[in-house]
There are 2 protein chains.
Amino acid sequence: MKNKNLSGYDELFRQLEEKTALTEDEKARIPQFFESKNLEKKQYLLRQGDYCKNLAFVAKGALKSYTLDDKGQEHISLLAWEGWWVSDFKSFIAEEKAILAIDAIEDSEVLLISRSNYEALLEEIPSMERYFRILYQNSLVTKDRRLISSNTYTAEEKYLHLLKMYPFISQRIPQNLIASYLGLTPETISRIKKNLVE
Amino acid sequence: MKNKNLSGYDELFRQLEEKTALTEDEKARIPQFFESKNLEKKQYLLRQGDYCKNLAFVAKGALKSYTLDDKGQEHISLLAWEGWWVSDFKSFIAEEKAILAIDAIEDSEVLLISRSNYEALLEEIPSMERYFRILYQNSLVTKDRRLISSNTYTAEEKYLHLLKMYPFISQRIPQNLIASYLGLTPETISRIKKNLVE
DNA sequence: GCTGTGCATTGATCTGAATCAAGAAAAAAG
DNA sequence: CTTTTTTCTTGATTCAGATCAATGCACAGC
């Protein structure tokens with residue numbers, strides 16, 4: 001086995017074992033499918049229009065995935081910190097050009113898995129097939145809730161719903177990114193906060 | 001083997017085999033996990049607040065899943081026709097009360113699988129674990145696109161994007177349901193269509 | 001064939017959140 | 001500690017799409 005820095009894998013195993021059981025043998029084989037990468041704050045992992053070669057597991061730090069509209073405005077589709085996966089899935093799976101860009105918003109460590117390694121991993125370690133099925137099942141629920149929130153709630157309700165789901169988020173993520181994630185402007189968030197205090 | 005009406009299972013197998021290979025033996029065992037149910041137009045499959053006991057595969061017809069807000073307004077979260085799965089996932093998986101309701105919008109046939117059968121199926125037939133992993137993976141991509149659409153696009157862009165994804169949808173689904181699905185009002189859709197003609 | 005109920009159109013008006021514009025505050029960099 | 005950059009706040013104005021209201025249309029039931 002190649003000598004690997006295992007620091008980030010602790011977080012990965014913690015995540016995997018939350019959803020599925022792994023033998024010691026499996027745990028020993030898993031790191032080989034991944035490659036670790038450090039990103040500084042503001043460094044990018046993926047650019048719009050490139051091919052998304054990897055699925056990334058966030059071992060440390062935080063990243064944002066976003067689209068840019070014709071006016072150059074950023075629309076965040078995901079905020080991912082320790083324990084989350086991030087990529088332009090469509091691009092990763094179907095080998096199309098990415099419509100998402102991904103940047104680090106803190107100094108971060110990610111574990112990258114290529115498409116061929118992803119498929120090999122699923123093939124060789126059935127618990128991983130199970131892990132991803134459960135992960136995606138849960139993500140679907142979360143995305144569904146976000147869609148409902150986006151179509152049904154007022155700006156204030158959207159913000160409160162987010163705080164309820166991720167109470168620590170306002171300590172960690174700047175308001176302008178939260179605004180973009182919710183499809184609102186920073187000004188609106190600011191006014192909502194003011195209103196809530198009163 | 002119990003004598004089952006197999007009509008709806010053709011559609012199910014077609015879907016399964018699009019994503020994974022099945023042996024004849026597996027195909028023979030699968031129907032046993034399901035139960036077929038016919039719904040008339042407007043009949044409900046799930047009510048808000050009930051426990052969602054089943055995951056439903058639409059073999060024929062079309063259904064909508066939706067939430068009701070405090071004003072009694074309906075917000076459609078999914079339109080599902082032949083080949084789609086529908087349920088309140090969160091309720092189905094975590095055994096919580098459903099926040100979604102599901103109604104037939106055409107006379108329909110659904111194949112229902114209970115939670116325990118779902119888990120047994122995944123356990124006993126590994127290709128099904130694979131099938132659902134791929135299904136959820138794809139659904140995530142679609143939901144992501146919808147979220148981007150919802151946060152980024154104008155009303156007109158949302159409508160055009162939907163038509164592009166499902167060109168036949170306006171022949172099949174009434175405008176007021178399409179409006180609700182997009183988080184718009186029927187009036188807005190009507191004005192958009194008028195505008196597009198000019 | 002009428003009649004009712006649900007769906008679609010069109011117009012007038014309203015409103016929540018965006019945009020535009022300045023500063024203030026906080027954090028990072030030197 | 002000072003300067004620069006980034007984030008946050010507050011106010012004035014605008015605008016896309018909602019709401020309200022009325023009418024037209026189509027098809028299902030009698």
# chains A, B, ... in the order shown; residues from 1 in each chain; ligands from 1
>>> select_by_dssp(residues="chain A", states="alpha helix (DSSP H)", output="PyMOL selection string")
chain A and resi 7-19+24-29+89-94+115-124+126-152+155-165+169-172+175-182+186-197
>>> residues_around(residues="segment 3-11 of chain D", least_positions_apart="2", cutoff="9 Å", atoms="only C-alpha atoms (C1' of nucleotides)", output="ChimeraX atom specification")
/A:174-176,186-187,190-191 /C:23-30
>>> select_by_dssp(residues="chain A", states="strand (DSSP E)", output="ChimeraX atom specification")
/A:34-39,44-46,54-60,62-68,74-81,85-86,101-104,108-114
>>> interface_residues(of="chain A", to="chain C", cutoff="9 Å", atoms="only C-alpha atoms (C1' of nucleotides)", output="list in words")
Thr154, Ala155, Leu184, Thr185 and Thr188 of chain A
>>> closest_residue(among="A:Ser127, A:Thr152, A:Gln48, A:Asn38", to="Ile99 of chain A", atoms="only C-alpha atoms")
A:Gln48
>>> closest_atom_pairs(of="chain A", to="chain B", cutoff="6 Å", atoms="only C-alpha atoms", output="tab-separated table")
residue	atom	partner	partner_atom	distance
A:Lys90	CA	B:Val141	CA	5.9
A:Arg133	CA	B:Arg133	CA	4.2
A:Tyr136	CA	B:Tyr136	CA	5.7
A:Val141	CA	B:Lys90	CA	5.9
A:Asn151	CA	B:Gly183	CA	4.9
A:Gly183	CA	B:Asn151	CA	4.9
>>> write_last_selection(atoms="N, CA, C and O atoms", output="short mmCIF file (atom, residue, chain, number, x, y, z; two decimals), in the first residue's frame")
data_model
loop_
_atom_site.label_atom_id
_atom_site.label_comp_id
_atom_site.auth_asym_id
_atom_site.auth_seq_id
_atom_site.Cartn_x
_atom_site.Cartn_y
_atom_site.Cartn_z
N LYS A 90 -23.92 15.91 -12.77
CA LYS A 90 -24.29 15.63 -14.16
C LYS A 90 -23.03 15.51 -15.00
O LYS A 90 -22.88 14.60 -15.80
N ARG A 133 -26.33 4.72 -2.03
CA ARG A 133 -27.79 4.67 -2.18
C ARG A 133 -28.44 5.44 -1.02
O ARG A 133 -29.32 6.27 -1.22
N TYR A 136 -27.68 9.28 -1.21
CA TYR A 136 -28.47 9.95 -2.23
C TYR A 136 -29.95 10.02 -1.83
O TYR A 136 -30.62 11.02 -2.07
N VAL A 141 -34.22 13.89 -0.04
CA VAL A 141 -35.15 14.45 0.93
C VAL A 141 -34.80 15.91 1.21
O VAL A 141 -35.67 16.79 1.17
N ASN A 151 -40.14 27.50 -3.29
CA ASN A 151 -41.39 27.82 -4.00
C ASN A 151 -42.52 28.29 -3.10
O ASN A 151 -43.50 28.85 -3.58
N GLY A 183 -31.29 32.27 -2.62
CA GLY A 183 -31.88 32.99 -3.74
C GLY A 183 -32.38 34.37 -3.34
O GLY A 183 -33.34 34.88 -3.90
#
>>> closest_residue(among="A:Ile173, A:Val86, A:Lys164, A:Phe57", to="chain D", atoms="only C-alpha atoms (C1' of nucleotides)")
A:Ile173
>>> atom_distance(atom1="atom CA of Leu100 of chain A", atom2="atom CA of Ser65 of chain A")
6.2 Å
>>> residues_around(residues="Leu112 of chain B", least_positions_apart="6", cutoff="10 Å", atoms="only C-alpha atoms (C1' of nucleotides)", output="list in words")
Phe33, Phe34, Glu35, Ser36, Lys37, Lys53, Asn54, Leu55, Ala56, Phe57, Val58, Trp85, Val86, Ser87 and Tyr118 of chain B
>>> atom_distance(atom1="atom CA of Leu12 of chain A", atom2="atom CA of Met128 of chain B")
25.2 Å
>>> closest_atom_pairs(of="chain D", to="chain B", cutoff="10 Å", atoms="only C-alpha atoms (C1' of nucleotides)", output="JSON lines")
{"residue": "D:DA16", "atom": "C1'", "partner": "B:Thr154", "partner_atom": "CA", "distance": 8.5}
{"residue": "D:DG17", "atom": "C1'", "partner": "B:Thr188", "partner_atom": "CA", "distance": 7.1}
{"residue": "D:DA18", "atom": "C1'", "partner": "B:Thr185", "partner_atom": "CA", "distance": 7.5}
{"residue": "D:DT19", "atom": "C1'", "partner": "B:Thr185", "partner_atom": "CA", "distance": 9.8}
>>> write_last_selection(atoms="N, CA, C and O atoms (P, O5', C5', C4', C3', O3' and C1' of nucleotides)", output="compact mmCIF listing (two decimals), in the first residue's frame")
# COMPACT_ATOMS: atom_id res chain seq x y z
P DA D 16 -39.45 44.06 -14.71
O5' DA D 16 -39.52 42.52 -14.34
C5' DA D 16 -38.64 41.99 -13.34
C4' DA D 16 -39.40 40.96 -12.51
C3' DA D 16 -40.29 40.02 -13.31
O3' DA D 16 -40.15 38.72 -12.74
C1' DA D 16 -41.61 41.24 -11.74
P DG D 17 -40.72 37.44 -13.36
O5' DG D 17 -42.01 37.17 -12.46
C5' DG D 17 -41.82 37.06 -11.05
C4' DG D 17 -43.14 37.26 -10.36
C3' DG D 17 -44.31 36.42 -10.89
O3' DG D 17 -44.82 35.71 -9.77
C1' DG D 17 -44.96 38.65 -10.60
P DA D 18 -46.13 34.85 -9.66
O5' DA D 18 -46.95 35.70 -8.59
C5' DA D 18 -46.35 35.94 -7.31
C4' DA D 18 -47.34 36.65 -6.41
C3' DA D 18 -48.69 35.95 -6.29
O3' DA D 18 -49.10 35.99 -4.92
C1' DA D 18 -48.98 38.12 -7.24
P DT D 19 -50.46 35.32 -4.47
O5' DT D 19 -51.53 36.49 -4.59
C5' DT D 19 -51.31 37.71 -3.89
C4' DT D 19 -52.42 38.67 -4.26
C3' DT D 19 -53.82 38.07 -4.19
O3' DT D 19 -54.59 38.94 -3.36
C1' DT D 19 -53.50 39.23 -6.23
>>> residues_around(residues="Thr23 of chain B", least_positions_apart="2", cutoff="12 Å", atoms="only C-alpha atoms (C1' of nucleotides)", output="JSON, numbers by chain")
{"B": [13, 16, 17, 20, 21, 25, 26, 27, 28, 29, 30, 125, 126, 127, 128]}
